[in-house]
Amino acid sequence: MRLKIFDNLQFNNLHCMRPFHLAITPSVPVWKSDNLLIFDLKFYNGMLLYTEKWPGDVSCIISLSTEPLPEFGVKALSYNELPFKCITLIEKELISATHLQGVSIVLASGDSDNQLHLSKLCKKENIKCVYIIEYIPETRYQIAALSTSNPIVKIRRFFYIWEKERKRVAAFKLCDGLQSNGVPAHSEYSEVKNNLLFFDTRVFENQIIKDNELEQRVNYLSEYKPLRIAFSGRLIRIKGADHLVKFALKLKQINIPFHLKIYGTGELETEMKKFISKHHLENDISMLGSVDFYKILIPELKQTVDLFVCLHRQSDPSCTYLETLSCGVPIVGYKNRAFSGLLEIFDVGWGAELNDLDEICKIVADLNSNRAELIEKSKNSVVFTRNHDFEATFQRRIDHILSTVNSKK
């Protein structure tokens with residue numbers, strides 16, 4: 001099917017859409033370069049599944065960005081190569097009724113402050129509206145607290161979060177459904193009708209570690225060789241990156257044989273490298289930078305990692321959890337609300353209170369002696385993610401949207 005981009009001058013010429021026209025309004029932007037649109041790869045893969053599984057037209061209404069492109073994980077296409085319809089918004093442009101002509105249901109970002117008007121707009125236009133939500137207020141406050149030391153600026157940010165949360169709750173009361181990414185969001189907005197719990201991931205069913213691959217890896221554990229530990233993500237404080245190198249130093253001080261691989265870049269990278277040099281940890285830690293998710297990170301996690309350390313201070317439902325578990329790698333981490341919620345559902349790791357690095361090290365030391373427990377959790381991880389791969393998760397979400405669009409007002 002040949003599709004095209006519509007600009008604001010072409011709305012009046014839009015042809016009549018088939019029933020069940022789904023419009024997706026993501027929080028992620030799109031970049032434009034000459035004749036190409038450049039999408040975040042994860043979002044693009046999701047759009048492909050929507051076009052495959054949705055029984056009608058699919059479009060996205062998405063903001064253009066002038067920010068630098070991410071280093072990895074993008075998809076560039078010319079206009080006539082797009083497998084879905086796309087409306088691009090200029091900076092700070094709000095979605096209006098004009099953008100929604102012919103739409104049956106909107107799948108909106110509840111995390112985006114500039115989309116909180118959509119449920120009211122959809123009610124007025126007789127369009128169904130389902131929000132996706134990921135962050136809870138606690139996470140927003142955590143990010144604000146760690147991002148500035150200026151108390152005046154911090155108070156202003158806290159007030160902004162509080163004000164927007166009031167609008168978010170009001171918007172959710174008017175919507176027809178909610179898709180909650182992770183246990184914290186599902187619990188926070190438990191009173192919202194038609195609330196679906198899901199776990200975000202970029203891993204497809206055929207990319208989940210196979211039984212024979214897992215068996216090969218756990219054989220290494222049975223030989224009691226040094227633990228192979230890893231972290232992947234942005235090297236920022238909210239993700240606990242500053243504690244990674246301290247964690248490694250503590251392990252070395254208590255004579256636990258290990259090697260820590262750190263994948264990712266961020267503002268703490270230079271500081272972490274200085275710490276490594278100062279404490280002579282060069283043989284214990286590898287700083288590997290940003291790597292391709294599918295070509296390098298996933299294969300290396302499957303083949304050469306026994307344990308993932310996740311010291312996130314924030315309670316966001318990072319897709320890191322599901323993606324790591326899909327490689328058969330259990331997780332030791334801080335019990336933020338997201339990780340705690342996951343551990344309550346399935347036995348796939350070990351948790352310690354926020355910032356209790358000594359307890360994290362104690363857990364790892366115990367696992368070093370008890371490899372059977374590590375092997376058991378590795379197998380549990382695979383069992384869990386086989387029910388939550390990319391395709392299965394999207395099918396549940398599609399079914400949820402379809403049931404919403406077919407429901408009575």
# chains A, B, ... in the order shown; residues from 1 in each chain; ligands from 1
>>> select_by_dssp(residues="stretch 87-315 of chain A", states="helix (DSSP H, G or I)", output="ChimeraX atom specification")
/A:97-100,113-115,118-125,137-147,151-174,183-188,205-207,211-222,237-239,241-253,269-278,293-304
>>> write_last_selection(atoms="C-alpha atoms", output="tab-separated table (two decimals), in the first residue's frame")
chain	number	residue	atom	x	y	z
A	97	ALA	CA	-10.07	18.14	15.88
A	98	THR	CA	-8.80	18.80	12.37
A	99	HIS	CA	-6.01	16.27	12.87
A	100	LEU	CA	-8.54	13.66	14.01
A	113	ASP	CA	1.67	16.88	29.11
A	114	ASN	CA	0.63	18.27	25.72
A	115	GLN	CA	-1.80	15.38	25.13
A	118	LEU	CA	-7.23	14.64	24.05
A	119	SER	CA	-9.78	12.70	26.10
A	120	LYS	CA	-11.97	15.81	26.37
A	121	LEU	CA	-11.50	16.57	22.67
A	122	CYS	CA	-12.36	12.99	21.74
A	123	LYS	CA	-15.53	13.07	23.85
A	124	LYS	CA	-16.61	16.18	21.97
A	125	GLU	CA	-15.83	14.60	18.59
A	137	PRO	CA	4.15	10.95	40.14
A	138	GLU	CA	6.82	9.46	42.42
A	139	THR	CA	9.09	8.87	39.43
A	140	ARG	CA	8.58	12.40	38.14
A	141	TYR	CA	9.48	13.84	41.55
A	142	GLN	CA	12.53	11.55	41.75
A	143	ILE	CA	13.80	12.78	38.41
A	144	ALA	CA	13.22	16.42	39.34
A	145	ALA	CA	14.97	15.98	42.70
A	146	LEU	CA	18.07	14.44	41.14
A	147	SER	CA	18.25	16.78	38.16
A	151	PRO	CA	15.97	24.53	45.84
A	152	ILE	CA	13.94	27.26	44.11
A	153	VAL	CA	14.11	25.52	40.75
A	154	LYS	CA	13.27	22.23	42.44
A	155	ILE	CA	10.15	23.67	44.09
A	156	ARG	CA	9.01	25.11	40.77
A	157	ARG	CA	9.45	21.73	39.09
A	158	PHE	CA	7.60	19.98	41.89
A	159	PHE	CA	4.70	22.42	41.54
A	160	TYR	CA	4.63	21.89	37.77
A	161	ILE	CA	4.50	18.11	38.29
A	162	TRP	CA	1.71	18.46	40.85
A	163	GLU	CA	-0.32	20.73	38.56
A	164	LYS	CA	0.08	18.46	35.53
A	165	GLU	CA	-0.81	15.39	37.59
A	166	ARG	CA	-4.15	16.96	38.50
A	167	LYS	CA	-4.82	17.43	34.79
A	168	ARG	CA	-3.64	13.88	34.06
A	169	VAL	CA	-6.06	12.37	36.58
A	170	ALA	CA	-8.88	14.50	35.15
A	171	ALA	CA	-7.99	13.39	31.62
A	172	PHE	CA	-7.98	9.73	32.63
A	173	LYS	CA	-11.45	10.08	34.15
A	174	LEU	CA	-12.75	11.05	30.70
A	183	VAL	CA	2.95	-2.54	37.96
A	184	PRO	CA	3.46	0.95	39.50
A	185	ALA	CA	1.37	2.73	36.84
A	186	HIS	CA	-1.31	0.04	36.94
A	187	SER	CA	-1.58	0.43	40.71
A	188	GLU	CA	-1.35	4.24	40.73
A	205	GLU	CA	9.64	-14.28	20.38
A	206	ASN	CA	12.39	-15.68	18.16
A	207	GLN	CA	14.99	-13.56	20.00
A	211	ASP	CA	16.94	-23.81	25.97
A	212	ASN	CA	20.19	-25.09	24.47
A	213	GLU	CA	21.73	-21.60	24.57
A	214	LEU	CA	20.79	-21.22	28.22
A	215	GLU	CA	22.17	-24.66	29.03
A	216	GLN	CA	25.51	-23.75	27.50
A	217	ARG	CA	25.71	-20.59	29.55
A	218	VAL	CA	24.69	-22.06	32.90
A	219	ASN	CA	27.29	-24.79	32.45
A	220	TYR	CA	29.81	-21.98	32.98
A	221	LEU	CA	28.16	-21.15	36.31
A	222	SER	CA	28.46	-24.77	37.42
A	237	ARG	CA	22.30	9.10	38.60
A	238	ILE	CA	18.59	8.29	38.35
A	239	LYS	CA	19.65	4.99	36.73
A	241	ALA	CA	25.16	4.53	37.25
A	242	ASP	CA	27.25	6.25	39.94
A	243	HIS	CA	26.77	3.19	42.17
A	244	LEU	CA	27.97	0.70	39.56
A	245	VAL	CA	31.65	1.41	40.02
A	246	LYS	CA	31.25	1.54	43.82
A	247	PHE	CA	29.51	-1.82	43.62
A	248	ALA	CA	32.49	-3.25	41.72
A	249	LEU	CA	34.95	-1.86	44.25
A	250	LYS	CA	33.02	-3.39	47.15
A	251	LEU	CA	32.94	-6.78	45.42
A	252	LYS	CA	36.68	-6.63	44.89
A	253	GLN	CA	37.26	-5.68	48.52
A	269	GLU	CA	30.88	8.38	32.00
A	270	THR	CA	33.99	10.49	32.62
A	271	GLU	CA	33.47	10.44	36.38
A	272	MET	CA	33.09	6.66	36.34
A	273	LYS	CA	36.26	6.17	34.27
A	274	LYS	CA	38.22	8.31	36.74
A	275	PHE	CA	36.91	6.19	39.62
A	276	ILE	CA	37.97	3.01	37.79
A	277	SER	CA	41.45	4.38	37.25
A	278	LYS	CA	41.81	5.67	40.81
A	293	PHE	CA	20.69	-3.45	20.76
A	294	TYR	CA	19.87	-6.38	18.47
A	295	LYS	CA	23.27	-7.07	16.90
A	296	ILE	CA	25.51	-6.77	19.96
A	297	LEU	CA	23.75	-6.27	23.31
A	298	ILE	CA	21.17	-9.07	23.13
A	299	PRO	CA	23.63	-11.70	21.81
A	300	GLU	CA	26.26	-10.79	24.43
A	301	LEU	CA	23.74	-10.92	27.27
A	302	LYS	CA	22.64	-14.37	26.13
A	303	GLN	CA	26.14	-15.76	25.75
A	304	THR	CA	28.42	-14.04	28.26
>>> select_by_dssp(residues="stretch 208-304 of chain A", states="strand (DSSP E)", output="PyMOL selection string")
chain A and resi 227-232+258-263+285-289
>>> write_last_selection(atoms="C-alpha atoms", output="compact mmCIF listing (two decimals), in the first residue's frame")
# COMPACT_ATOMS: atom_id res chain seq x y z
CA LEU A 227 30.69 -14.12 37.84
CA ARG A 228 29.99 -12.26 34.61
CA ILE A 229 27.87 -9.23 35.55
CA ALA A 230 26.44 -6.53 33.28
CA PHE A 231 24.52 -3.25 33.19
CA SER A 232 23.06 -1.45 30.18
CA PHE A 258 33.77 -11.14 38.87
CA HIS A 259 33.87 -9.00 35.75
CA LEU A 260 31.42 -6.13 35.18
CA LYS A 261 30.46 -4.99 31.67
CA ILE A 262 28.85 -1.55 31.45
CA TYR A 263 27.00 -0.75 28.22
CA ILE A 285 35.21 -3.35 34.66
CA SER A 286 34.75 -2.89 30.91
CA MET A 287 33.18 0.39 29.77
CA LEU A 288 31.74 -0.59 26.37
CA GLY A 289 29.79 2.52 25.38
>>> atom_distance(atom1="atom CA of A:Ser290", atom2="atom CA of A:Ser149")
28.1 Å
>>> atom_distance(atom1="atom CA of A:Ile90", atom2="atom CA of A:Ile62")
9.0 Å
>>> atom_distance(atom1="atom CA of A:Ser381", atom2="atom CA of A:Phe199")
13.8 Å
>>> residues_around(residues="A:Arg386", least_positions_apart="4", cutoff="8 Å", atoms="only C-alpha atoms", output="number ranges by chain")
A: 205, 208, 326, 382
>>> closest_residue(among="A:Ile132, A:Ser96, A:Leu196, A:Leu374", to="A:Asp399", atoms="only C-alpha atoms")
A:Leu196
>>> closest_residue(among="A:Leu235, A:Glu391, A:Ser403, A:Cys175", to="A:Gly46", atoms="only C-alpha atoms")
A:Glu391
>>> residues_around(residues="A:Gly182", least_positions_apart="6", cutoff="10 Å", atoms="only C-alpha atoms", output="VMD selection string")
chain A and resid 133 to 135 196 to 200 315 to 319 337 to 339 341 to 342
>>> closest_residue(among="A:Phe84, A:Tyr189, A:Tyr79, A:Trp54", to="A:Ile105", atoms="only C-alpha atoms")
A:Trp54
>>> closest_residue(among="A:Ile254, A:Arg397, A:Trp350, A:Leu307", to="A:Asn195", atoms="only C-alpha atoms")
A:Arg397
>>> closest_residue(among="A:Glu67, A:Ser190, A:Leu94, A:Tyr131", to="A:Gly110", atoms="only C-alpha atoms")
A:Tyr131
